[in-house]
file protein-v2.tsv (TSV, C-alpha atoms)
chain	number	residue	atom	x	y	z
F	186	MET	CA	100.32	102.78	105.24
F	187	VAL	CA	99.32	100.01	102.82
F	188	ILE	CA	101.44	96.84	102.94
F	189	THR	CA	101.04	94.09	100.35
F	190	ILE	CA	101.22	90.53	101.71
F	191	PRO	CA	100.89	87.21	99.85
F	192	CYS	CA	97.17	86.82	100.66
F	193	GLY	CA	96.05	90.45	100.31
F	194	ARG	CA	96.98	93.74	101.92
F	195	ILE	CA	97.24	95.42	105.30
F	196	ILE	CA	96.19	98.98	106.00
F	197	ALA	CA	98.02	100.03	109.18
F	198	THR	CA	97.81	103.24	111.22
F	199	MET	CA	98.84	104.24	114.73
F	200	HIS	CA	95.28	103.41	115.90
F	201	GLU	CA	94.14	100.32	113.99
F	202	VAL	CA	95.09	97.56	111.60
F	203	MET	CA	92.80	96.35	108.81
F	204	VAL	CA	93.62	93.24	106.78
F	205	LYS	CA	91.87	92.73	103.44
F	206	LEU	CA	92.18	89.14	102.24
F	207	GLN	CA	91.80	88.84	98.45
F	208	GLU	CA	90.76	85.26	97.82
F	209	ASN	CA	87.73	85.11	100.12
F	210	GLN	CA	87.06	88.88	100.26
F	211	MET	CA	87.31	88.91	104.05
F	212	THR	CA	88.31	91.90	106.17
F	213	LEU	CA	89.88	91.59	109.63
F	214	GLN	CA	90.17	94.65	111.84
F	215	ALA	CA	91.61	95.38	115.29
F	216	GLN	CA	92.76	98.32	117.39
F	217	THR	CA	96.54	98.56	117.83
F	218	ASP	CA	96.11	98.06	121.60
F	219	ASP	CA	94.98	94.49	120.80
F	220	ILE	CA	97.82	93.71	118.32
F	221	SER	CA	101.19	92.06	118.89
F	222	LEU	CA	103.94	91.24	116.38
F	223	LEU	CA	106.11	88.13	116.59
F	224	GLY	CA	109.51	87.94	114.89
F	225	GLU	CA	109.79	84.18	114.39
F	226	PRO	CA	107.67	83.31	112.52
F	227	CYS	CA	106.63	86.73	111.17
F	228	MET	CA	103.12	86.95	112.62
F	229	LEU	CA	100.55	89.64	113.33
F	230	ILE	CA	98.36	88.57	116.26
F	231	ALA	CA	95.11	90.25	117.35
F	232	ASN	CA	93.95	89.25	120.81
F	233	GLY	CA	91.70	91.48	122.86
F	234	GLY	CA	88.17	91.17	124.20
F	235	THR	CA	86.30	89.04	121.69
F	236	VAL	CA	88.86	89.58	118.90
F	237	LYS	CA	91.20	86.62	118.27
F	238	TRP	CA	92.99	86.05	114.98
F	239	SER	CA	96.51	85.74	113.62
F	240	LEU	CA	98.08	86.20	110.22
F	241	SER	CA	101.43	85.26	108.71
F	242	LEU	CA	103.08	88.36	107.24
F	243	GLY	CA	105.25	86.34	104.88
F	244	SER	CA	108.51	88.25	105.38
F	245	GLU	CA	110.62	90.24	107.82
F	246	GLU	CA	110.15	93.33	105.61
F	247	ASN	CA	106.36	93.19	106.04
F	248	LEU	CA	106.76	92.70	109.80
F	249	ILE	CA	109.02	95.76	110.06
F	250	ALA	CA	106.64	97.84	107.90
F	251	VAL	CA	103.67	97.02	110.17
F	252	SER	CA	105.79	97.79	113.24
F	253	GLU	CA	106.84	101.17	111.86
F	254	ALA	CA	103.30	102.11	110.78
F	255	THR	CA	101.69	101.20	114.11
F	256	GLY	CA	104.48	101.83	116.61
F	257	ILE	CA	104.14	98.25	117.93
F	258	ALA	CA	107.42	96.64	119.03
F	259	ILE	CA	108.35	93.26	117.55
F	260	LYS	CA	108.63	90.43	120.11
F	261	ARG	CA	111.58	88.17	119.39
call {"tool": "encode", "arguments": {"input": "protein-v2.tsv", "output": "structure tokens"}}
result
Amino acid sequence: MVITIPCGRIIATMHEVMVKLQENQMTLQAQTDDISLLGEPCMLIANGGTVKWSLSLGSEENLIAVSEATGIAIKR
């Protein structure tokens, strides 16, 4: 599933999440086992092994879309 966010787009599957940031042409990638989703604020957080990054999803709709595409529960 492709989800458009203010700074680019997210490609999410049951196995991995890839974030393509438009402005600086950067790509962030992580396995879904290393991803968590926070409800307030709407954040996607990758933290596993040597991977550590976080990204604001901009809206509740984007958060729900990532949750549905990956099967990751939203922490409230």
call {"tool": "closest_residue", "arguments": {"input": "protein-v2.tsv", "among": "F:Val202, F:Met186, F:Ile259, F:Leu222", "to": "Ser241 in chain F", "atoms": "only C-alpha atoms"}}
result
F:Leu222
call {"tool": "residues_around", "arguments": {"input": "protein-v2.tsv", "residues": "Arg261 in chain F", "least_positions_apart": "4", "cutoff": "8 Å", "atoms": "all atoms listed in the file", "output": "PyMOL selection string"}}
result
chain F and resi 223-225
call {"tool": "residues_around", "arguments": {"input": "protein-v2.tsv", "residues": "range 231-240 of chain F", "least_positions_apart": "6", "cutoff": "7 Å", "atoms": "all atoms listed in the file", "output": "list in words"}}
result
Ala215, Asp219, Ile220 and Ser221 of chain F
call {"tool": "residues_around", "arguments": {"input": "protein-v2.tsv", "residues": "Cys227 in chain F", "least_positions_apart": "6", "cutoff": "8 Å", "atoms": "only C-alpha atoms", "output": "JSON, numbers by chain"}}
result
{"F": [241, 242, 243, 244, 245, 248]}
call {"tool": "residues_near_point", "arguments": {"input": "protein-v2.tsv", "point": "(101.0, 99.8, 111.8)", "cutoff": "10 Å", "atoms": "all atoms listed in the file", "output": "mmCIF file with C-alpha atoms, keeping the file's coordinate frame"}}
result
data_model
loop_
_atom_site.group_PDB
_atom_site.id
_atom_site.type_symbol
_atom_site.label_atom_id
_atom_site.label_comp_id
_atom_site.auth_asym_id
_atom_site.auth_seq_id
_atom_site.Cartn_x
_atom_site.Cartn_y
_atom_site.Cartn_z
ATOM 1 C CA MET F 186 100.320 102.780 105.240
ATOM 2 C CA VAL F 187 99.320 100.010 102.820
ATOM 3 C CA ILE F 188 101.440 96.840 102.940
ATOM 4 C CA ILE F 195 97.240 95.420 105.300
ATOM 5 C CA ILE F 196 96.190 98.980 106.000
ATOM 6 C CA ALA F 197 98.020 100.030 109.180
ATOM 7 C CA THR F 198 97.810 103.240 111.220
ATOM 8 C CA MET F 199 98.840 104.240 114.730
ATOM 9 C CA HIS F 200 95.280 103.410 115.900
ATOM 10 C CA GLU F 201 94.140 100.320 113.990
ATOM 11 C CA VAL F 202 95.090 97.560 111.600
ATOM 12 C CA MET F 203 92.800 96.350 108.810
ATOM 13 C CA THR F 217 96.540 98.560 117.830
ATOM 14 C CA ILE F 220 97.820 93.710 118.320
ATOM 15 C CA LEU F 248 106.760 92.700 109.800
ATOM 16 C CA ILE F 249 109.020 95.760 110.060
ATOM 17 C CA ALA F 250 106.640 97.840 107.900
ATOM 18 C CA VAL F 251 103.670 97.020 110.170
ATOM 19 C CA SER F 252 105.790 97.790 113.240
ATOM 20 C CA GLU F 253 106.840 101.170 111.860
ATOM 21 C CA ALA F 254 103.300 102.110 110.780
ATOM 22 C CA THR F 255 101.690 101.200 114.110
ATOM 23 C CA GLY F 256 104.480 101.830 116.610
ATOM 24 C CA ILE F 257 104.140 98.250 117.930
#
call {"tool": "atom_distance", "arguments": {"input": "protein-v2.tsv", "atom1": "CA of Ala258 in chain F", "atom2": "CA of Leu213 in chain F"}}
result
20.5 Å
call {"tool": "closest_residue", "arguments": {"input": "protein-v2.tsv", "among": "F:Ile230, F:Glu246, F:Lys260, F:Gly193", "to": "Met211 in chain F", "atoms": "all atoms listed in the file"}}
result
F:Gly193
call {"tool": "axis_aligned_box", "arguments": {"input": "protein-v2.tsv", "around": "range 213-223 of chain F", "padding_each_side": "5 Å", "output": "AutoDock Vina command-line options"}}
result
--center_x 98.0 --center_y 93.3 --center_z 115.6 --size_x 26.2 --size_y 20.4 --size_z 22.0
call {"tool": "build_atoms", "arguments": {"input": "protein-v2.tsv", "residues": "range 201-216 of chain F", "atoms": "N, CA, C and O atoms", "output": "PDB file, in the frame of the given file"}}
result
ATOM      1  N   GLU F 201      94.760 101.594 114.342  1.00  0.00           N
ATOM      2  CA  GLU F 201      94.140 100.320 113.990  1.00  0.00           C
ATOM      3  C   GLU F 201      94.853  99.650 112.829  1.00  0.00           C
ATOM      4  O   GLU F 201      95.595 100.274 112.093  1.00  0.00           O
ATOM      5  N   VAL F 202      94.576  98.362 112.697  1.00  0.00           N
ATOM      6  CA  VAL F 202      95.090  97.560 111.600  1.00  0.00           C
ATOM      7  C   VAL F 202      93.898  96.894 110.918  1.00  0.00           C
ATOM      8  O   VAL F 202      93.032  96.320 111.582  1.00  0.00           O
ATOM      9  N   MET F 203      93.845  97.004 109.589  1.00  0.00           N
ATOM     10  CA  MET F 203      92.800  96.350 108.810  1.00  0.00           C
ATOM     11  C   MET F 203      93.480  95.458 107.780  1.00  0.00           C
ATOM     12  O   MET F 203      94.398  95.894 107.086  1.00  0.00           O
ATOM     13  N   VAL F 204      93.066  94.206 107.724  1.00  0.00           N
ATOM     14  CA  VAL F 204      93.620  93.240 106.780  1.00  0.00           C
ATOM     15  C   VAL F 204      92.538  92.889 105.779  1.00  0.00           C
ATOM     16  O   VAL F 204      91.445  92.463 106.167  1.00  0.00           O
ATOM     17  N   LYS F 205      92.816  93.086 104.503  1.00  0.00           N
ATOM     18  CA  LYS F 205      91.870  92.730 103.440  1.00  0.00           C
ATOM     19  C   LYS F 205      92.426  91.525 102.704  1.00  0.00           C
ATOM     20  O   LYS F 205      93.454  91.616 102.044  1.00  0.00           O
ATOM     21  N   LEU F 206      91.756  90.390 102.865  1.00  0.00           N
ATOM     22  CA  LEU F 206      92.180  89.140 102.240  1.00  0.00           C
ATOM     23  C   LEU F 206      91.509  89.024 100.876  1.00  0.00           C
ATOM     24  O   LEU F 206      90.283  89.097 100.765  1.00  0.00           O
ATOM     25  N   GLN F 207      92.308  88.834  99.827  1.00  0.00           N
ATOM     26  CA  GLN F 207      91.800  88.840  98.450  1.00  0.00           C
ATOM     27  C   GLN F 207      90.911  87.653  98.114  1.00  0.00           C
ATOM     28  O   GLN F 207      89.806  87.828  97.635  1.00  0.00           O
ATOM     29  N   GLU F 208      91.407  86.460  98.339  1.00  0.00           N
ATOM     30  CA  GLU F 208      90.760  85.260  97.820  1.00  0.00           C
ATOM     31  C   GLU F 208      89.328  85.090  98.302  1.00  0.00           C
ATOM     32  O   GLU F 208      88.433  84.767  97.539  1.00  0.00           O
ATOM     33  N   ASN F 209      89.082  85.308  99.591  1.00  0.00           N
ATOM     34  CA  ASN F 209      87.730  85.110 100.120  1.00  0.00           C
ATOM     35  C   ASN F 209      87.036  86.418 100.455  1.00  0.00           C
ATOM     36  O   ASN F 209      85.975  86.410 101.063  1.00  0.00           O
ATOM     37  N   GLN F 210      87.623  87.556 100.069  1.00  0.00           N
ATOM     38  CA  GLN F 210      87.060  88.880 100.260  1.00  0.00           C
ATOM     39  C   GLN F 210      86.667  89.134 101.721  1.00  0.00           C
ATOM     40  O   GLN F 210      85.617  89.689 102.012  1.00  0.00           O
ATOM     41  N   MET F 211      87.540  88.742 102.626  1.00  0.00           N
ATOM     42  CA  MET F 211      87.310  88.910 104.050  1.00  0.00           C
ATOM     43  C   MET F 211      88.132  90.088 104.559  1.00  0.00           C
ATOM     44  O   MET F 211      89.236  90.333 104.079  1.00  0.00           O
ATOM     45  N   THR F 212      87.590  90.811 105.535  1.00  0.00           N
ATOM     46  CA  THR F 212      88.310  91.900 106.170  1.00  0.00           C
ATOM     47  C   THR F 212      88.411  91.628 107.666  1.00  0.00           C
ATOM     48  O   THR F 212      87.420  91.316 108.318  1.00  0.00           O
ATOM     49  N   LEU F 213      89.630  91.731 108.198  1.00  0.00           N
ATOM     50  CA  LEU F 213      89.880  91.590 109.630  1.00  0.00           C
ATOM     51  C   LEU F 213      90.329  92.955 110.142  1.00  0.00           C
ATOM     52  O   LEU F 213      91.114  93.638 109.481  1.00  0.00           O
ATOM     53  N   GLN F 214      89.841  93.341 111.305  1.00  0.00           N
ATOM     54  CA  GLN F 214      90.170  94.650 111.840  1.00  0.00           C
ATOM     55  C   GLN F 214      90.383  94.565 113.336  1.00  0.00           C
ATOM     56  O   GLN F 214      89.702  93.814 114.030  1.00  0.00           O
ATOM     57  N   ALA F 215      91.355  95.342 113.854  1.00  0.00           N
ATOM     58  CA  ALA F 215      91.610  95.380 115.290  1.00  0.00           C
ATOM     59  C   ALA F 215      92.302  96.691 115.648  1.00  0.00           C
ATOM     60  O   ALA F 215      93.038  97.254 114.830  1.00  0.00           O
ATOM     61  N   GLN F 216      92.077  97.148 116.864  1.00  0.00           N
ATOM     62  CA  GLN F 216      92.760  98.320 117.390  1.00  0.00           C
ATOM     63  C   GLN F 216      94.211  97.936 117.699  1.00  0.00           C
ATOM     64  O   GLN F 216      94.493  96.793 118.065  1.00  0.00           O
TER      65      GLN F 216
END
